[in-house]
file input.csv (CSV, C-alpha atoms)
chain,number,residue,atom,x,y,z
S,1,MET,CA,0.0,0.0,0.0
S,2,LYS,CA,1.4,3.4,-1.0
S,3,LYS,CA,2.3,5.9,1.7
S,4,ASN,CA,1.1,9.4,1.8
S,5,VAL,CA,3.4,12.3,1.1
S,6,VAL,CA,2.8,16.1,1.0
S,7,LEU,CA,4.9,18.2,-1.5
S,8,PHE,CA,4.8,21.9,-0.5
S,9,SER,CA,7.2,23.4,-3.0
S,10,LYS,CA,7.4,23.5,-6.8
S,11,ILE,CA,10.0,21.0,-8.2
S,12,PRO,CA,10.8,19.8,-11.7
S,13,ALA,CA,8.0,17.9,-13.3
S,14,ASP,CA,10.0,14.7,-13.7
S,15,GLN,CA,10.9,14.7,-10.0
S,16,GLN,CA,7.3,15.3,-9.0
S,17,ALA,CA,6.3,12.4,-11.3
S,18,ARG,CA,8.7,10.2,-9.3
S,19,LEU,CA,7.0,11.1,-6.1
S,20,ALA,CA,3.6,10.5,-7.6
S,21,GLN,CA,4.7,7.1,-8.8
S,22,ALA,CA,6.1,6.1,-5.4
S,23,PHE,CA,3.4,7.6,-3.1
S,24,ASN,CA,-0.1,9.0,-2.8
S,25,LEU,CA,1.0,12.5,-3.5
S,26,THR,CA,-0.7,15.6,-2.2
S,27,LEU,CA,0.3,19.1,-3.5
S,28,PHE,CA,0.1,21.9,-1.0
S,29,GLU,CA,0.2,24.9,-3.2
S,30,ARG,CA,-0.4,27.6,-0.6
S,31,ASN,CA,2.2,29.2,1.6
S,32,PRO,CA,2.8,26.9,4.5
S,33,ASN,CA,4.1,29.8,6.6
S,34,THR,CA,1.0,31.9,6.3
S,35,ASP,CA,-1.5,29.1,6.0
S,36,THR,CA,0.0,27.0,8.7
S,37,LYS,CA,-3.3,25.6,10.0
S,38,ALA,CA,-4.3,24.3,6.5
S,39,PHE,CA,-0.8,22.9,6.1
S,40,ILE,CA,-1.0,20.9,9.3
S,41,GLN,CA,-4.4,19.7,8.2
S,42,ALA,CA,-2.9,18.5,4.9
S,43,LEU,CA,-0.3,16.6,6.9
S,44,ALA,CA,-2.8,14.9,9.2
S,45,SER,CA,-2.6,11.6,7.4
S,46,ALA,CA,0.8,12.1,5.8
S,47,ASP,CA,3.7,9.7,6.3
S,48,GLY,CA,6.2,12.2,4.7
S,49,MET,CA,6.7,15.8,3.7
S,50,ILE,CA,9.1,17.4,1.2
S,51,GLY,CA,9.8,21.0,0.3
S,52,SER,CA,11.8,24.1,0.9
S,53,ASN,CA,11.4,27.6,2.2
S,54,MET,CA,9.9,26.6,5.6
S,55,PRO,CA,10.3,29.3,8.3
S,56,THR,CA,7.4,27.7,10.1
S,57,ARG,CA,8.9,26.0,13.2
S,58,ILE,CA,8.5,22.2,13.0
S,59,ASP,CA,8.4,21.6,16.8
S,60,ASP,CA,6.6,19.4,19.3
S,61,GLU,CA,3.4,21.4,19.0
S,62,PHE,CA,3.4,21.0,15.2
S,63,LEU,CA,4.3,17.3,15.3
S,64,THR,CA,1.7,16.5,17.8
S,65,GLN,CA,-0.9,17.4,15.2
S,66,THR,CA,0.8,15.3,12.5
S,67,PRO,CA,0.8,11.9,14.2
S,68,LYS,CA,1.5,9.7,11.2
S,69,LEU,CA,4.5,11.7,10.0
S,70,LYS,CA,7.7,9.6,9.8
S,71,ALA,CA,10.0,11.5,7.4
S,72,ALA,CA,10.7,15.0,6.3
S,73,ALA,CA,13.0,16.0,3.3
S,74,THR,CA,14.1,19.6,3.1
S,75,ILE,CA,15.4,20.9,-0.2
S,76,SER,CA,18.2,22.8,1.5
S,77,VAL,CA,21.3,22.2,3.5
S,78,GLY,CA,20.0,24.3,6.4
S,79,TYR,CA,17.5,22.9,8.8
S,80,ASP,CA,17.4,25.4,11.7
S,81,ASN,CA,13.6,25.5,11.5
S,82,TYR,CA,13.3,21.9,12.5
S,83,ASP,CA,13.5,21.1,16.2
S,84,LEU,CA,15.7,18.0,16.4
S,85,CYS,CA,14.6,17.1,19.9
S,86,ALA,CA,11.0,17.1,18.8
S,87,LEU,CA,11.7,15.1,15.7
S,88,LYS,CA,13.4,12.5,17.9
S,89,LYS,CA,10.5,12.4,20.3
S,90,HIS,CA,8.0,11.8,17.5
S,91,GLY,CA,10.3,9.5,15.5
S,92,VAL,CA,10.6,11.6,12.4
S,93,ARG,CA,13.6,11.3,10.1
S,94,LEU,CA,15.0,14.5,8.6
S,95,MET,CA,17.1,14.6,5.4
S,96,ASN,CA,18.8,17.5,3.7
S,97,THR,CA,20.8,18.1,0.6
S,98,PRO,CA,24.3,19.1,1.7
S,99,LYS,CA,26.6,18.1,-1.1
S,100,VAL,CA,24.8,19.3,-4.3
S,101,LEU,CA,24.8,23.0,-3.5
S,102,THR,CA,28.4,23.4,-2.3
S,103,GLU,CA,30.0,24.8,-5.4
S,104,SER,CA,27.2,27.1,-6.5
S,105,THR,CA,27.0,28.6,-3.0
S,106,ALA,CA,30.7,29.1,-2.8
S,107,ASP,CA,30.5,30.8,-6.2
S,108,LEU,CA,27.8,33.2,-5.0
S,109,ILE,CA,29.8,34.1,-1.8
S,110,PHE,CA,32.9,34.9,-3.9
S,111,THR,CA,30.6,36.9,-6.3
S,112,LEU,CA,29.5,39.0,-3.3
S,113,LEU,CA,33.1,39.4,-2.1
S,114,MET,CA,34.4,40.5,-5.4
S,115,ALA,CA,31.4,42.8,-6.3
S,116,THR,CA,31.5,44.4,-2.8
S,117,ALA,CA,35.2,44.9,-2.9
S,118,ARG,CA,35.1,46.5,-6.4
S,119,ARG,CA,31.8,48.3,-5.8
S,120,THR,CA,30.4,46.7,-9.0
S,121,VAL,CA,26.7,47.4,-8.4
S,122,GLU,CA,27.3,50.9,-7.1
S,123,LEU,CA,29.3,51.8,-10.1
S,124,SER,CA,26.9,50.2,-12.5
S,125,ASN,CA,24.1,52.3,-11.0
S,126,LEU,CA,26.3,55.4,-11.5
S,127,ILE,CA,26.3,54.7,-15.2
S,128,HIS,CA,22.6,53.9,-15.3
S,129,ASP,CA,21.9,57.2,-13.4
S,130,GLY,CA,23.8,59.2,-16.1
S,131,LYS,CA,26.4,60.3,-13.6
S,132,TRP,CA,29.5,58.9,-15.4
S,133,THR,CA,30.6,62.1,-17.0
S,134,LYS,CA,34.3,62.0,-16.3
S,135,SER,CA,37.1,59.6,-15.1
S,136,ILE,CA,36.3,57.9,-11.8
S,137,THR,CA,37.8,59.8,-8.9
S,138,PRO,CA,39.3,58.2,-5.7
S,139,GLU,CA,36.0,58.3,-3.7
S,140,TYR,CA,34.8,55.5,-6.1
S,141,PHE,CA,37.9,53.3,-5.9
S,142,GLY,CA,37.5,49.7,-4.9
S,143,THR,CA,39.6,47.3,-2.8
S,144,ASP,CA,42.1,44.7,-4.0
S,145,ILE,CA,41.4,41.1,-3.4
S,146,TYR,CA,44.5,39.4,-4.6
S,147,GLY,CA,47.0,38.6,-1.8
S,148,LYS,CA,44.7,39.8,1.0
S,149,THR,CA,43.6,37.8,4.1
S,150,ILE,CA,40.3,36.0,4.1
S,151,GLY,CA,38.8,34.9,7.4
S,152,ILE,CA,36.3,32.1,7.0
S,153,LEU,CA,33.8,31.4,9.9
S,154,GLY,CA,32.8,27.8,9.5
S,155,MET,CA,34.9,25.2,7.7
S,156,GLY,CA,32.4,22.7,6.3
S,157,ARG,CA,32.0,21.8,2.7
S,158,ILE,CA,31.2,25.3,1.6
S,159,GLY,CA,33.9,26.8,3.8
S,160,LYS,CA,36.5,24.5,2.2
S,161,ALA,CA,35.3,25.4,-1.3
S,162,ILE,CA,35.7,29.1,-0.5
S,163,ALA,CA,39.2,28.4,0.9
S,164,LYS,CA,40.1,26.7,-2.3
S,165,ARG,CA,38.9,29.6,-4.4
S,166,ALA,CA,40.7,32.1,-2.2
S,167,HIS,CA,44.1,30.3,-2.0
S,168,CYS,CA,44.3,28.9,-5.5
S,169,GLY,CA,42.6,31.6,-7.4
S,170,PHE,CA,43.6,34.8,-5.6
S,171,ASP,CA,46.7,33.8,-3.6
S,172,MET,CA,44.9,34.8,-0.4
S,173,ASN,CA,46.1,34.1,3.1
S,174,VAL,CA,43.4,31.8,4.6
S,175,ILE,CA,42.5,31.9,8.3
S,176,TYR,CA,39.5,30.3,9.8
S,177,TYR,CA,37.3,29.8,12.9
S,178,ASN,CA,35.7,26.4,13.5
S,179,ARG,CA,34.9,24.1,16.4
S,180,SER,CA,37.5,21.6,15.2
S,181,ALA,CA,40.6,21.8,13.2
S,182,HIS,CA,40.8,20.7,9.5
S,183,PRO,CA,44.3,19.5,8.8
S,184,ASP,CA,43.3,18.9,5.1
S,185,VAL,CA,42.5,22.5,4.6
S,186,GLU,CA,45.6,23.6,6.5
S,187,GLN,CA,47.8,21.5,4.3
S,188,ALA,CA,46.2,22.1,1.0
S,189,TYR,CA,45.6,25.9,1.3
S,190,GLN,CA,48.1,26.8,4.1
S,191,ALA,CA,45.1,27.8,6.2
S,192,LYS,CA,45.5,28.7,9.9
S,193,ARG,CA,42.9,28.1,12.6
S,194,LEU,CA,42.3,30.9,15.1
S,195,GLU,CA,39.9,31.9,17.7
S,196,LEU,CA,37.0,34.1,16.6
S,197,ASP,CA,38.5,37.3,17.8
S,198,GLY,CA,41.7,36.6,16.0
S,199,VAL,CA,40.0,36.0,12.7
S,200,LEU,CA,37.9,39.1,13.0
S,201,SER,CA,40.9,41.3,13.9
S,202,GLN,CA,43.2,40.0,11.2
S,203,ALA,CA,41.0,39.4,8.1
S,204,ASP,CA,40.5,41.8,5.3
S,205,PHE,CA,37.4,39.8,4.3
S,206,VAL,CA,35.3,38.0,6.8
S,207,VAL,CA,33.0,35.3,5.3
S,208,ILE,CA,30.3,33.8,7.4
S,209,ILE,CA,29.3,30.3,6.4
S,210,LEU,CA,28.3,28.8,9.8
S,211,PRO,CA,25.1,26.9,10.6
S,212,LEU,CA,22.6,28.7,12.7
S,213,THR,CA,22.5,27.1,16.2
S,214,ASP,CA,22.0,28.4,19.8
S,215,GLN,CA,25.7,28.9,19.9
S,216,THR,CA,26.0,30.9,16.7
S,217,LYS,CA,22.9,33.0,16.9
S,218,ARG,CA,23.9,36.7,17.2
S,219,LEU,CA,27.5,35.5,17.2
S,220,ILE,CA,28.6,38.7,15.5
S,221,THR,CA,27.7,41.6,17.8
S,222,LYS,CA,28.6,45.2,18.0
S,223,GLN,CA,31.6,44.3,20.1
S,224,LYS,CA,32.8,41.7,17.5
S,225,LEU,CA,32.3,44.1,14.6
S,226,ALA,CA,34.5,46.6,16.4
S,227,LEU,CA,37.3,44.1,16.3
S,228,MET,CA,37.4,44.2,12.5
S,229,LYS,CA,39.6,46.5,10.5
S,230,PRO,CA,38.0,49.7,9.3
S,231,SER,CA,39.0,48.6,5.8
S,232,ALA,CA,37.5,45.1,6.3
S,233,ILE,CA,34.5,43.7,4.4
S,234,LEU,CA,31.9,41.3,5.9
S,235,ILE,CA,30.2,38.7,3.7
S,236,ASN,CA,27.3,36.7,5.1
S,237,GLY,CA,26.1,33.7,3.1
S,238,ALA,CA,24.9,31.6,6.0
S,239,ARG,CA,21.9,32.8,8.1
S,240,GLY,CA,20.9,36.4,8.9
S,241,ALA,CA,20.4,35.7,12.6
S,242,ILE,CA,24.1,35.0,13.1
S,243,VAL,CA,24.7,38.7,12.8
S,244,ASP,CA,23.1,41.4,15.0
S,245,GLU,CA,21.6,43.2,12.0
S,246,GLN,CA,21.1,46.5,13.8
S,247,ALA,CA,24.7,46.4,15.0
S,248,LEU,CA,25.8,45.8,11.5
S,249,ILE,CA,23.8,48.7,10.2
S,250,GLU,CA,25.4,51.0,12.8
S,251,ALA,CA,28.9,49.6,11.9
S,252,LEU,CA,28.3,50.4,8.2
S,253,LYS,CA,26.9,53.8,8.9
S,254,ASN,CA,29.8,54.7,11.2
S,255,LYS,CA,32.4,53.2,8.9
S,256,THR,CA,33.5,50.8,11.7
S,257,ILE,CA,33.9,48.4,8.8
S,258,LYS,CA,34.2,49.3,5.1
S,259,ALA,CA,31.3,47.4,3.6
S,260,ALA,CA,29.2,44.2,3.6
S,261,GLY,CA,27.8,41.8,1.1
S,262,LEU,CA,24.7,40.0,2.3
S,263,ASP,CA,22.7,37.1,0.9
S,264,VAL,CA,20.8,36.5,4.1
S,265,PHE,CA,18.9,38.6,6.6
S,266,GLU,CA,17.2,38.4,10.0
S,267,VAL,CA,13.8,38.8,8.3
S,268,GLU,CA,13.3,37.5,4.8
S,269,PRO,CA,12.2,38.9,2.4
S,270,LEU,CA,14.0,42.0,3.6
S,271,PRO,CA,11.5,44.7,4.5
S,272,THR,CA,11.5,47.7,2.2
S,273,THR,CA,11.8,49.8,5.3
S,274,SER,CA,15.1,48.3,6.3
S,275,PRO,CA,17.9,50.8,6.8
S,276,LEU,CA,20.1,48.5,4.8
S,277,MET,CA,18.3,49.7,1.7
S,278,GLN,CA,19.6,53.2,2.2
S,279,LEU,CA,23.3,52.3,2.5
S,280,ASP,CA,25.7,52.6,-0.4
S,281,ASN,CA,28.4,50.4,1.3
S,282,VAL,CA,26.2,47.2,1.4
S,283,LEU,CA,25.5,44.8,-1.5
S,284,LEU,CA,22.1,43.0,-1.1
S,285,SER,CA,21.3,39.6,-2.6
S,286,PRO,CA,17.9,37.8,-2.1
S,287,HIS,CA,19.1,34.5,-0.5
S,288,VAL,CA,20.2,32.9,-3.8
S,289,GLY,CA,23.3,30.9,-2.8
S,290,SER,CA,22.0,27.8,-4.5
S,291,ALA,CA,19.8,29.5,-7.1
S,292,THR,CA,21.2,28.1,-10.4
S,293,VAL,CA,19.2,25.9,-12.8
S,294,GLU,CA,21.6,23.0,-12.4
S,295,THR,CA,21.9,23.2,-8.6
S,296,ARG,CA,18.2,23.6,-7.8
S,297,TYR,CA,17.4,20.6,-10.0
S,298,ALA,CA,20.1,18.5,-8.2
S,299,MET,CA,18.7,19.6,-4.9
S,300,ALA,CA,15.2,18.6,-5.8
S,301,LYS,CA,16.4,15.2,-7.1
S,302,CYS,CA,18.4,14.6,-4.0
S,303,ALA,CA,15.4,15.4,-1.7
S,304,VAL,CA,13.2,13.1,-3.7
S,305,ASP,CA,15.8,10.3,-3.4
S,306,ASN,CA,15.9,11.0,0.4
S,307,ILE,CA,12.2,10.8,1.0
S,308,ILE,CA,11.8,7.6,-1.1
S,309,ALA,CA,14.7,6.0,0.8
S,310,ALA,CA,13.4,7.2,4.2
S,311,LEU,CA,9.9,5.8,3.7
S,312,LYS,CA,11.3,2.5,2.5
S,313,ASP,CA,12.9,2.2,5.9
S,314,GLU,CA,16.4,2.1,4.4
S,315,LYS,CA,19.4,2.8,6.6
S,316,PRO,CA,20.4,6.5,7.1
S,317,THR,CA,22.8,7.9,4.5
S,318,GLU,CA,25.1,10.9,4.7
S,319,ASN,CA,22.0,13.1,4.0
S,320,TRP,CA,20.3,12.0,7.2
S,321,VAL,CA,20.4,14.8,9.7
S,322,ASN,CA,19.2,12.7,12.7
S,323,PRO,CA,20.2,9.1,12.1
S,324,GLU,CA,19.6,8.5,15.9
S,325,VAL,CA,15.9,8.3,15.0
S,326,GLY,CA,16.7,5.0,13.2
call {"tool": "encode", "arguments": {"input": "input.csv", "output": "structure tokens"}}
result
Amino acid sequence: MKKNVVLFSKIPADQQARLAQAFNLTLFERNPNTDTKAFIQALASADGMIGSNMPTRIDDEFLTQTPKLKAAATISVGYDNYDLCALKKHGVRLMNTPKVLTESTADLIFTLLMATARRTVELSNLIHDGKWTKSITPEYFGTDIYGKTIGILGMGRIGKAIAKRAHCGFDMNVIYYNRSAHPDVEQAYQAKRLELDGVLSQADFVVIILPLTDQTKRLITKQKLALMKPSAILINGARGAIVDEQALIEALKNKTIKAAGLDVFEVEPLPTTSPLMQLDNVLLSPHVGSATVETRYAMAKCAVDNIIAALKDEKPTENWVNPEVG
């Protein structure tokens, strides 16, 4: 007898067809974050759920209302909206898609770094606004990248991909902050592991690629930003809540740091009233680290593979976030 699965995101037609062949598939086409009650009702008889863009907290209260649920596949690497303790209590397996988005996300982070350093968008707007009437003067000069020091906060798959680009492509000095050392990165890219304050104070570019946890939430405070060089640039491609956004706004206004490139924010979509909209020294990107045709397809396929395996009671793979559920 086929199991019941709810799909709450658009995915490629061939991958949706795979789900429909394997399960009794229900499409939830409304926004699960604004229609949470209807979403829970749709999951009342579901064995599995699959989708992305889920700020709704999947916690004990939520799972109590979805008693048949046994597996969840998120089309993302991050899973901070899922309460792992609650999942364990209710026996729900959680899978993510960590490998397939590594390179595209690292590309986007380096795009932010380069475009922020060279003020690409700001200067493009200058031309569009008809203000390029003479040779560019020093107030519009950018910052060199080659040979500078990059500080990477978080040395998982994406952190390593960024270190490779920095060292091999731009001859950058790589320093990093991570709970554990990575001898492979230190050997391959001459990287050096430091405490957080050391990375912040020494780096010309600080790149955040940490997971959001209780320990990393608001990790970058006003005091931490003050440790950075006035010439330093902050890049956040992880989660907005890792940075105290108001403190960052103040640091950018006061020139405590030179600039920032942000793909993530405390509230998403970013409100049009955000002071970040008014600052020339910040480059804004709408959370698109994995947003390429190839990568989004690979993520959807991986998630479909995950939910099919999970509901066949196969053993956990490397994509299983909580293999302790069994």
call {"tool": "atom_distance", "arguments": {"input": "input.csv", "atom1": "CA of Asp197 (chain S)", "atom2": "CA of Ala247 (chain S)"}}
result
16.8 Å
call {"tool": "closest_residue", "arguments": {"input": "input.csv", "among": "S:Ile220, S:Leu225, S:Ile75, S:Ala203", "to": "Leu94 (chain S)", "atoms": "only C-alpha atoms"}}
result
S:Ile75
call {"tool": "closest_residue", "arguments": {"input": "input.csv", "among": "S:Ala22, S:Leu108, S:Leu101, S:Val185", "to": "Asp263 (chain S)", "atoms": "all atoms listed in the file"}}
result
S:Leu108
call {"tool": "closest_atom_pairs", "arguments": {"input": "input.csv", "of": "region 190-301 of chain S", "to": "region 47-67 of chain S", "cutoff": "12 Å", "atoms": "only C-alpha atoms", "output": "Markdown table"}}
result
| residue | atom | partner | partner_atom | distance |
| --- | --- | --- | --- | --- |
| S:Glu266 | CA | S:Pro55 | CA | 11.5 |
| S:Val267 | CA | S:Pro55 | CA | 10.1 |
| S:Glu268 | CA | S:Pro55 | CA | 9.4 |
| S:Pro269 | CA | S:Asn53 | CA | 11.3 |
| S:His287 | CA | S:Asn53 | CA | 10.7 |
| S:Val288 | CA | S:Asn53 | CA | 11.9 |
| S:Arg296 | CA | S:Ser52 | CA | 10.8 |
| S:Met299 | CA | S:Ser52 | CA | 10.1 |
| S:Ala300 | CA | S:Gly51 | CA | 8.5 |
| S:Lys301 | CA | S:Ile50 | CA | 11.3 |
call {"tool": "residues_around", "arguments": {"input": "input.csv", "residues": "Ser231 (chain S)", "least_positions_apart": "2", "cutoff": "12 Å", "atoms": "only C-alpha atoms", "output": "ChimeraX atom specification"}}
result
/S:117,142-144,148-149,200-206,225-229,233-234,251-252,255-260,281
